[in-house]
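S.K.: There's a structure below that I have some questions on.
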Amino acid sequence: MDWKQAWSITTNTTTAALDALAPVCVPFAARWDLEAERRNKLRTPEHLKALMAAQKEHNAARSTHATAKSQQLSARAASNNPFAAGRRAARVATKAALKHERDTRAKLKAARVNYPSTLKARAVQAHSVHAVPSAVASALMSTAHVTVWPVATSAVLIGANVAALALGRRKLRVPVDESLSLEERQLMERLDPAYWVEHAPDRGLAGTVTTPPAIEPGGIRCEIRLDGQWTVKTLADKADSVRALLGARTALRIRITSASRGGWAVLSLATRSAAAGVSSQWTPERIPSDPLMMSLALDTETGDEVLVPFDERLLVSGASGTGKSWSFRPLMATAHLRGDLLLIDGKGEEANIWEAVCRVAVEQDEITDAVDEAHAEMTRRKVDMKKRGISVWDGRQLTVVVDEGQVILALISKDKDRLQRLIELSSLGRSRGVVLWWATQYPLTDGGAPGVHKLIAPNLLTRFSLRVAGTTQAQVALDDCAHYAPHQIPDGREYRGHGYLKGYGPRMLRTWTLDDAGVRALPKSIWSPAKSTSSQPRTPLHLVKDAAPQSGAVSNRDKVLAAVQSGAFTAKDVADATGLNKGTVSREIKALTSSGALRRTADGRLLPGQQAA
């Protein structure tokens, strides 16, 4: 047996056990030290003089009282008449002496309070009260066999007092990783139970005791024991006091949640991110093997990948500049590669990237046509499902993405028929394989310019929110999980693409991102109702990276220009010649006219411009 190794294991085990017991004894040791300090501060020379004077006066009063009682007894012996003058005078003197003794006793008691004995002396006196009688009892009860339980019990009490003080004053060994920053070192020092218990009452946190903190991938984690009337909620309401006690910077995210057992809370300090070492760039390899799930983000506290349902209706909220578009693209790419994608873009910028990849709608006529066609597809699938006797669509999913919701609602708010069709898409489409995803900068359902309709919002069960403007927006963005406080996410470039997922817990997530080049690399698949006649599932699309870029690819703009050069004089002629929808043709003609590649005559005909010539 390796005695050196055994000794090391025993030492480490003992140290670990003492470290675990120390936080339990810290409050007792802290109260002991506070009381001892209070007593020592009161033991001043002035209080000592007052105590000695009170003792002297009390001794004199006792002597006077004793003399008066003796004289009263002598007066009783001298006369049997209780109303005799001598006996009456003796009684009056005795009463006066007794009153004076009581007054001096009260003064002596107050002087002793002002000049108390040391806590150590009081402890010795208290333990003597049971130690001495216990020893005597053990000796008297011993006959042939020695009886030691009284004195043993007394010894255990004394030992428990001494051990509790030693453990409570014990300095815990907090492992300090060399990789810790200066801020983390300071926070861990202040989370030490000894420091916390000593300073917590100053911040209104008396009755809470921390355990030794630990560093995790997402930052510092520490459990807090809640004594008395403390609950997790009351401690969470005191988050500002906790921040002040720790001296933490204002931007540091502090989260207080319930522990796995009652009477305990968990304090998390986001001093680092578990996603810091992982690239945020999305690739098709991120698509899960489970066809019902898709990858949304990474948990910044644990580093775990967070999945959300693919066939569920979705609401994504985020103020301008929070990275909403880039965060939304990986989900759209997943929908495009797995099924059909229809993008209804109220602003138009995203459509510029996606129009060569999927079906897009930007202009008002394009948007109304897209809503009509998606609703007609949903109705067609209903009929097909009834014929085949199925309750859930088994073909390709058509994902209808609305971005920016406020603009789309403003365009169709007065068109009750199309607004109703959009509402029905959100409420009836999921089981028919037509799923609505909604993105908005303004997650509001009321007011003159809502970002999401009040009849659509309740159907969007999966909700992800980046930073939003305020509490009202947070309520719509995360519904009953608004307490995650997405409006308190710091405003900075490093927090772009960071947000909270409803129901996941108040742990911040970092989303995947997809740049313009990544979108353009996706295979082209333009959805139209004519391509949705088959109810059988089609093979999902796969991203194919060519060894060299295709130099002969023709853009929509080139097609429009070629059609005009071939003799098309109107937008309708161009649409018939190219097969493009009217909105796309109108947009490309406008761009070519602005650049000078096309020009319009007085009668409205299109002719090639000087650049084209």
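Ligands are numbered from 1 in the order shown, chains are lettered A, B, ... in the order of the structure tokens, and residues start at 1 in each chain.
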List the spatial neighbours of stretch 53-59 of chain A as a list in words - criterion: any atom at most 9 Å away, only C-alpha atoms, same-chain residues fewer than 2 positions off excluded.

M.R.: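 In the requested format, the answer is Leu48, Lys49, Ala50, Leu51, Ala61, Arg62, Ser63, Thr64, His100, Glu101, Arg102, Asp103, Thr104, Arg105, Lys107, Leu108, Lys109 and Ala111 of chain A.
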
S.K.: As a ChimeraX atom specification, please: the residues near A:Ile456 (cut-off 8 Å, only C-alpha atoms, same-chain neighbours under 3 positions excluded).

M.R.: /A:423,426-427,452-453,459-460

S.K.: Keeping only C-alpha atoms, take the residues you just selected and write them out as a CSV table (one decimal), in the first residue's frame.

M.R.:
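Output file selection04.csv is given in full below:
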```
chain,number,residue,atom,x,y,z
A,423,ILE,CA,-54.7,35.1,-40.5
A,426,SER,CA,-51.3,31.3,-39.3
A,427,SER,CA,-54.1,29.3,-37.7
A,452,VAL,CA,-47.9,41.5,-35.7
A,453,HIS,CA,-51.6,41.2,-35.9
A,459,ASN,CA,-50.7,31.2,-33.2
A,460,LEU,CA,-47.0,31.8,-33.3
```

S.K.: Tell me which of A:Pro23, A:Pro330, A:Gly492, A:Gly218 sits closest to A:Ala194, counting only C-alpha atoms.

M.R.: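 Of the candidates, the smallest distance to A:Ala194 is held by A:Pro23.
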
S.K.: Taking the chain letters and numbering used in this document, name the residues of stretch 367-480 of chain A that DSSP puts in helix (DSSP H, G or I), as an mmCIF file with N, CA and C atoms, in the first residue's frame.

M.R.:
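The resulting file, selection25.cif, is shown below:
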```cif
data_model
loop_
_atom_site.group_PDB
_atom_site.id
_atom_site.type_symbol
_atom_site.label_atom_id
_atom_site.label_comp_id
_atom_site.auth_asym_id
_atom_site.auth_seq_id
_atom_site.Cartn_x
_atom_site.Cartn_y
_atom_site.Cartn_z
ATOM 1 N N ILE A 367 -46.964 40.913 -53.295
ATOM 2 C CA ILE A 367 -47.330 40.471 -51.950
ATOM 3 C C ILE A 367 -48.747 39.917 -51.933
ATOM 4 N N THR A 368 -49.675 40.636 -52.571
ATOM 5 C CA THR A 368 -51.055 40.152 -52.588
ATOM 6 C C THR A 368 -51.156 38.837 -53.355
ATOM 7 N N ASP A 369 -50.409 38.722 -54.464
ATOM 8 C CA ASP A 369 -50.416 37.463 -55.206
ATOM 9 C C ASP A 369 -49.845 36.325 -54.360
ATOM 10 N N ALA A 370 -48.768 36.613 -53.613
ATOM 11 C CA ALA A 370 -48.141 35.574 -52.794
ATOM 12 C C ALA A 370 -49.090 35.087 -51.699
ATOM 13 N N VAL A 371 -49.789 36.019 -51.047
ATOM 14 C CA VAL A 371 -50.746 35.633 -50.008
ATOM 15 C C VAL A 371 -51.871 34.798 -50.608
ATOM 16 N N ASP A 372 -52.367 35.223 -51.758
ATOM 17 C CA ASP A 372 -53.461 34.494 -52.414
ATOM 18 C C ASP A 372 -53.017 33.088 -52.799
ATOM 19 N N GLU A 373 -51.816 32.978 -53.383
ATOM 20 C CA GLU A 373 -51.350 31.676 -53.842
ATOM 21 C C GLU A 373 -51.037 30.741 -52.675
ATOM 22 N N ALA A 374 -50.454 31.285 -51.588
ATOM 23 C CA ALA A 374 -50.181 30.440 -50.424
ATOM 24 C C ALA A 374 -51.482 29.947 -49.801
ATOM 25 N N HIS A 375 -52.474 30.824 -49.732
ATOM 26 C CA HIS A 375 -53.772 30.428 -49.173
ATOM 27 C C HIS A 375 -54.444 29.398 -50.084
ATOM 28 N N ALA A 376 -54.350 29.594 -51.409
ATOM 29 C CA ALA A 376 -54.936 28.633 -52.344
ATOM 30 C C ALA A 376 -54.246 27.278 -52.226
ATOM 31 N N GLU A 377 -52.911 27.291 -52.030
ATOM 32 C CA GLU A 377 -52.182 26.035 -51.848
ATOM 33 C C GLU A 377 -52.632 25.325 -50.574
ATOM 34 N N MET A 378 -52.847 26.099 -49.519
ATOM 35 C CA MET A 378 -53.329 25.514 -48.272
ATOM 36 C C MET A 378 -54.705 24.869 -48.470
ATOM 37 N N THR A 379 -55.571 25.547 -49.220
ATOM 38 C CA THR A 379 -56.912 25.008 -49.487
ATOM 39 C C THR A 379 -56.830 23.763 -50.363
ATOM 40 N N ARG A 380 -55.944 23.794 -51.371
ATOM 41 C CA ARG A 380 -55.783 22.631 -52.240
ATOM 42 C C ARG A 380 -55.313 21.413 -51.466
ATOM 43 N N ARG A 381 -54.392 21.648 -50.531
ATOM 44 C CA ARG A 381 -53.892 20.531 -49.726
ATOM 45 C C ARG A 381 -54.986 19.975 -48.819
ATOM 46 N N LYS A 382 -55.872 20.834 -48.355
ATOM 47 C CA LYS A 382 -56.993 20.364 -47.533
ATOM 48 C C LYS A 382 -57.848 19.379 -48.323
ATOM 49 N N VAL A 383 -58.150 19.732 -49.571
ATOM 50 C CA VAL A 383 -58.958 18.857 -50.419
ATOM 51 C C VAL A 383 -58.228 17.546 -50.683
ATOM 52 N N ASP A 384 -56.921 17.647 -50.975
ATOM 53 C CA ASP A 384 -56.134 16.456 -51.252
ATOM 54 C C ASP A 384 -56.066 15.538 -50.026
ATOM 55 N N MET A 385 -55.906 16.122 -48.842
ATOM 56 C CA MET A 385 -55.845 15.327 -47.614
ATOM 57 C C MET A 385 -57.164 14.612 -47.357
ATOM 58 N N LYS A 386 -58.272 15.289 -47.668
ATOM 59 C CA LYS A 386 -59.581 14.666 -47.481
ATOM 60 C C LYS A 386 -59.756 13.476 -48.422
ATOM 61 N N LYS A 387 -59.298 13.626 -49.670
ATOM 62 C CA LYS A 387 -59.414 12.529 -50.630
ATOM 63 C C LYS A 387 -58.592 11.321 -50.179
ATOM 64 N N ARG A 388 -57.419 11.588 -49.628
ATOM 65 C CA ARG A 388 -56.528 10.490 -49.232
ATOM 66 C C ARG A 388 -56.763 10.015 -47.805
ATOM 67 N N GLY A 405 -43.003 42.479 -40.642
ATOM 68 C CA GLY A 405 -44.427 42.327 -40.429
ATOM 69 C C GLY A 405 -45.198 43.627 -40.395
ATOM 70 N N GLN A 406 -44.604 44.675 -39.831
ATOM 71 C CA GLN A 406 -45.308 45.954 -39.730
ATOM 72 C C GLN A 406 -45.636 46.512 -41.118
ATOM 73 N N VAL A 407 -44.694 46.401 -42.055
ATOM 74 C CA VAL A 407 -44.916 46.919 -43.406
ATOM 75 C C VAL A 407 -45.992 46.104 -44.114
ATOM 76 N N ILE A 408 -45.945 44.789 -43.972
ATOM 77 C CA ILE A 408 -46.924 43.930 -44.637
ATOM 78 C C ILE A 408 -48.325 44.228 -44.122
ATOM 79 N N LEU A 409 -48.479 44.373 -42.812
ATOM 80 C CA LEU A 409 -49.801 44.687 -42.258
ATOM 81 C C LEU A 409 -50.283 46.053 -42.741
ATOM 82 N N ALA A 410 -49.368 47.005 -42.858
ATOM 83 C CA ALA A 410 -49.767 48.331 -43.333
ATOM 84 C C ALA A 410 -50.264 48.270 -44.778
ATOM 85 N N LEU A 411 -49.694 47.359 -45.586
ATOM 86 C CA LEU A 411 -50.081 47.246 -46.988
ATOM 87 C C LEU A 411 -51.454 46.600 -47.164
ATOM 88 N N ILE A 412 -51.768 45.623 -46.308
ATOM 89 C CA ILE A 412 -53.002 44.862 -46.527
ATOM 90 C C ILE A 412 -54.037 45.087 -45.428
ATOM 91 N N LYS A 416 -59.493 43.498 -46.335
ATOM 92 C CA LYS A 416 -59.964 42.541 -45.332
ATOM 93 C C LYS A 416 -59.848 41.098 -45.816
ATOM 94 N N ASP A 417 -60.077 40.865 -47.107
ATOM 95 C CA ASP A 417 -60.019 39.499 -47.619
ATOM 96 C C ASP A 417 -58.617 38.920 -47.496
ATOM 97 N N ARG A 418 -57.624 39.701 -47.921
ATOM 98 C CA ARG A 418 -56.251 39.182 -47.860
ATOM 99 C C ARG A 418 -55.735 39.126 -46.427
ATOM 100 N N LEU A 419 -56.154 40.072 -45.605
ATOM 101 C CA LEU A 419 -55.775 39.998 -44.194
ATOM 102 C C LEU A 419 -56.347 38.733 -43.559
ATOM 103 N N GLN A 420 -57.576 38.399 -43.898
ATOM 104 C CA GLN A 420 -58.181 37.187 -43.371
ATOM 105 C C GLN A 420 -57.443 35.944 -43.867
ATOM 106 N N ARG A 421 -56.996 35.965 -45.120
ATOM 107 C CA ARG A 421 -56.244 34.826 -45.648
ATOM 108 C C ARG A 421 -54.920 34.662 -44.905
ATOM 109 N N LEU A 422 -54.277 35.774 -44.583
ATOM 110 C CA LEU A 422 -53.025 35.711 -43.835
ATOM 111 C C LEU A 422 -53.266 35.168 -42.428
ATOM 112 N N ILE A 423 -54.369 35.579 -41.813
ATOM 113 C CA ILE A 423 -54.712 35.067 -40.483
ATOM 114 C C ILE A 423 -54.974 33.565 -40.546
ATOM 115 N N GLU A 424 -55.663 33.132 -41.597
ATOM 116 C CA GLU A 424 -55.954 31.704 -41.742
ATOM 117 C C GLU A 424 -54.689 30.899 -42.006
ATOM 118 N N LEU A 425 -53.734 31.484 -42.711
ATOM 119 C CA LEU A 425 -52.447 30.807 -42.888
ATOM 120 C C LEU A 425 -51.798 30.508 -41.544
ATOM 121 N N SER A 426 -51.900 31.452 -40.596
ATOM 122 C CA SER A 426 -51.282 31.268 -39.287
ATOM 123 C C SER A 426 -52.036 30.268 -38.419
ATOM 124 N N SER A 427 -53.335 30.158 -38.623
ATOM 125 C CA SER A 427 -54.137 29.304 -37.741
ATOM 126 C C SER A 427 -54.423 27.922 -38.319
ATOM 127 N N LEU A 428 -54.504 27.801 -39.660
ATOM 128 C CA LEU A 428 -54.922 26.542 -40.285
ATOM 129 C C LEU A 428 -53.818 25.856 -41.075
ATOM 130 N N ARG A 430 -50.589 24.878 -40.501
ATOM 131 C CA ARG A 430 -49.549 23.978 -40.009
ATOM 132 C C ARG A 430 -49.843 22.513 -40.339
ATOM 133 N N SER A 431 -51.045 22.047 -40.070
ATOM 134 C CA SER A 431 -51.363 20.648 -40.333
ATOM 135 C C SER A 431 -51.387 20.343 -41.827
ATOM 136 N N ARG A 432 -51.482 21.381 -42.657
ATOM 137 C CA ARG A 432 -51.508 21.194 -44.115
ATOM 138 C C ARG A 432 -50.138 21.451 -44.742
ATOM 139 N N ALA A 457 -50.629 36.665 -33.711
ATOM 140 C CA ALA A 457 -49.641 36.459 -32.638
ATOM 141 C C ALA A 457 -49.929 35.225 -31.778
ATOM 142 N N PRO A 458 -51.180 34.963 -31.344
ATOM 143 C CA PRO A 458 -51.414 33.778 -30.498
ATOM 144 C C PRO A 458 -51.082 32.456 -31.173
ATOM 145 N N ASN A 459 -51.047 32.425 -32.514
ATOM 146 C CA ASN A 459 -50.744 31.185 -33.228
ATOM 147 C C ASN A 459 -49.250 30.940 -33.380
ATOM 148 N N THR A 471 -40.531 47.013 -22.265
ATOM 149 C CA THR A 471 -41.265 45.917 -21.626
ATOM 150 C C THR A 471 -42.508 45.518 -22.412
ATOM 151 N N THR A 472 -43.170 46.485 -23.045
ATOM 152 C CA THR A 472 -44.363 46.149 -23.828
ATOM 153 C C THR A 472 -43.987 45.253 -25.003
ATOM 154 N N GLN A 473 -42.908 45.590 -25.710
ATOM 155 C CA GLN A 473 -42.447 44.753 -26.812
ATOM 156 C C GLN A 473 -41.994 43.387 -26.309
ATOM 157 N N ALA A 474 -41.354 43.359 -25.129
ATOM 158 C CA ALA A 474 -40.902 42.081 -24.562
ATOM 159 C C ALA A 474 -42.081 41.172 -24.254
ATOM 160 N N GLN A 475 -43.201 41.755 -23.817
ATOM 161 C CA GLN A 475 -44.386 40.961 -23.501
ATOM 162 C C GLN A 475 -44.920 40.260 -24.737
ATOM 163 N N VAL A 476 -44.948 40.963 -25.870
ATOM 164 C CA VAL A 476 -45.427 40.348 -27.112
ATOM 165 C C VAL A 476 -44.384 39.378 -27.664
ATOM 166 N N ALA A 477 -43.121 39.756 -27.561
ATOM 167 C CA ALA A 477 -42.051 38.948 -28.153
ATOM 168 C C ALA A 477 -41.925 37.583 -27.497
ATOM 169 N N LEU A 478 -42.063 37.527 -26.163
ATOM 170 C CA LEU A 478 -41.861 36.263 -25.448
ATOM 171 C C LEU A 478 -43.072 35.817 -24.644
ATOM 172 N N ASP A 479 -44.163 36.560 -24.722
ATOM 173 C CA ASP A 479 -45.413 36.168 -24.073
ATOM 174 C C ASP A 479 -45.182 35.996 -22.567
ATOM 175 N N ASP A 480 -45.503 34.822 -22.018
ATOM 176 C CA ASP A 480 -45.404 34.629 -20.570
ATOM 177 C C ASP A 480 -43.965 34.472 -20.085
#
```

S.K.: Mind the document's chain letters and residue numbers, and return as JSON, numbers by chain the residues of stretch 354-562 of chain A that DSSP labels strand (DSSP E or B).

M.R.: {"A": [359, 360, 361, 398, 399, 400, 401, 402, 403, 434, 435, 436, 437, 438, 439, 440, 462, 463, 464, 465, 498, 499, 500, 501, 509, 510, 511, 513]}

S.K.: What's the 12 Å shell around stretch 301-308 of chain A, counting only C-alpha atoms, without same-chain residues fewer than 6 positions away, as number ranges by chain?

M.R.: A: 215-221, 253, 255, 268-280, 286-295, 314-315, 331, 334, 461-464, 500-512

S.K.: Rounded to one decimal place, report the atom CA of A:His336-atom CA of A:Ala562 distance in Å.

M.R.: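 We find that atom CA of A:His336 and atom CA of A:Ala562 lie 29.3 Å from each other.
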
S.K.: What's the separation between atom CA of A:Leu98 and atom CA of A:Arg112, in Å to one decimal place?

M.R.: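 According to the coordinates, atom CA of A:Leu98 and atom CA of A:Arg112 are separated by 20.8 Å.
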
S.K.: As an NGL selection string, please: the residues near A:Ser327 (cut-off 10 Å, only C-alpha atoms, same-chain neighbours under 4 positions excluded).

M.R.: :A and (280 or 282 or 296-297 or 316 or 322-323 or 331-332 or 466 or 496-498 or 510-515)

S.K.: Would you list the contacts of stretch 337-344 of chain A as a count of residues only, taking every protein, DNA or RNA residue within 10 Å and counting only C-alpha atoms, but skipping same-chain residues closer than 4 positions in sequence?

M.R.: 57

S.K.: If we count only C-alpha atoms and set the cut-off at 7 Å, which residues sit around A:Val266, ignoring sequence neighbours fewer than 3 positions away in its own chain? Please answer as a PyMOL selection string.

M.R.: chain A and resi 222-224+256-259

S.K.: Neighbouring residues of A:Pro608 were defined as those with any atom within 9 Å, considering only C-alpha atoms; residues of the same chain fewer than 4 positions away were excluded. Please report them as a list in words.

M.R.: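 The contact residues come out as Leu561, Val564, Gln565, Gly596, Ala597, Leu598, Arg599, Arg600, Ala612 and Ala613 of chain A.
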
S.K.: With N, CA, C and O atoms retained, export the selected residues as an mmCIF file, in the first residue's frame.

M.R.:
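selection_16.cif, written as the output of this step:
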```
data_model
loop_
_atom_site.group_PDB
_atom_site.id
_atom_site.type_symbol
_atom_site.label_atom_id
_atom_site.label_comp_id
_atom_site.auth_asym_id
_atom_site.auth_seq_id
_atom_site.Cartn_x
_atom_site.Cartn_y
_atom_site.Cartn_z
ATOM 1 N N LEU A 561 -33.235 43.130 -69.772
ATOM 2 C CA LEU A 561 -32.523 43.933 -70.754
ATOM 3 C C LEU A 561 -32.515 43.246 -72.120
ATOM 4 O O LEU A 561 -32.718 43.872 -73.165
ATOM 5 N N VAL A 564 -35.960 43.579 -73.869
ATOM 6 C CA VAL A 564 -36.180 44.902 -74.477
ATOM 7 C C VAL A 564 -35.360 45.040 -75.749
ATOM 8 O O VAL A 564 -35.836 45.581 -76.768
ATOM 9 N N GLN A 565 -34.123 44.537 -75.700
ATOM 10 C CA GLN A 565 -33.285 44.604 -76.892
ATOM 11 C C GLN A 565 -33.836 43.739 -78.021
ATOM 12 O O GLN A 565 -33.578 43.995 -79.202
ATOM 13 N N GLY A 596 -29.431 53.953 -66.807
ATOM 14 C CA GLY A 596 -29.266 54.399 -68.189
ATOM 15 C C GLY A 596 -29.261 53.282 -69.199
ATOM 16 O O GLY A 596 -29.120 53.512 -70.414
ATOM 17 N N ALA A 597 -29.374 52.027 -68.724
ATOM 18 C CA ALA A 597 -29.375 50.901 -69.660
ATOM 19 C C ALA A 597 -30.659 50.856 -70.463
ATOM 20 O O ALA A 597 -30.688 50.313 -71.582
ATOM 21 N N LEU A 598 -31.751 51.408 -69.904
ATOM 22 C CA LEU A 598 -33.026 51.508 -70.613
ATOM 23 C C LEU A 598 -33.516 52.946 -70.525
ATOM 24 O O LEU A 598 -33.124 53.700 -69.631
ATOM 25 N N ARG A 599 -34.390 53.286 -71.461
ATOM 26 C CA ARG A 599 -35.017 54.592 -71.397
ATOM 27 C C ARG A 599 -36.467 54.464 -71.845
ATOM 28 O O ARG A 599 -36.826 53.532 -72.569
ATOM 29 N N ARG A 600 -37.293 55.368 -71.393
ATOM 30 C CA ARG A 600 -38.701 55.378 -71.767
ATOM 31 C C ARG A 600 -38.966 56.521 -72.733
ATOM 32 O O ARG A 600 -38.469 57.643 -72.549
ATOM 33 N N ALA A 612 -26.777 50.349 -73.272
ATOM 34 C CA ALA A 612 -27.113 49.078 -73.918
ATOM 35 C C ALA A 612 -26.715 49.075 -75.373
ATOM 36 O O ALA A 612 -26.342 48.069 -75.940
ATOM 37 N N ALA A 613 -26.877 50.257 -76.026
ATOM 38 C CA ALA A 613 -26.512 50.327 -77.424
ATOM 39 C C ALA A 613 -25.010 50.137 -77.586
ATOM 40 O O ALA A 613 -24.564 49.594 -78.577
#
```
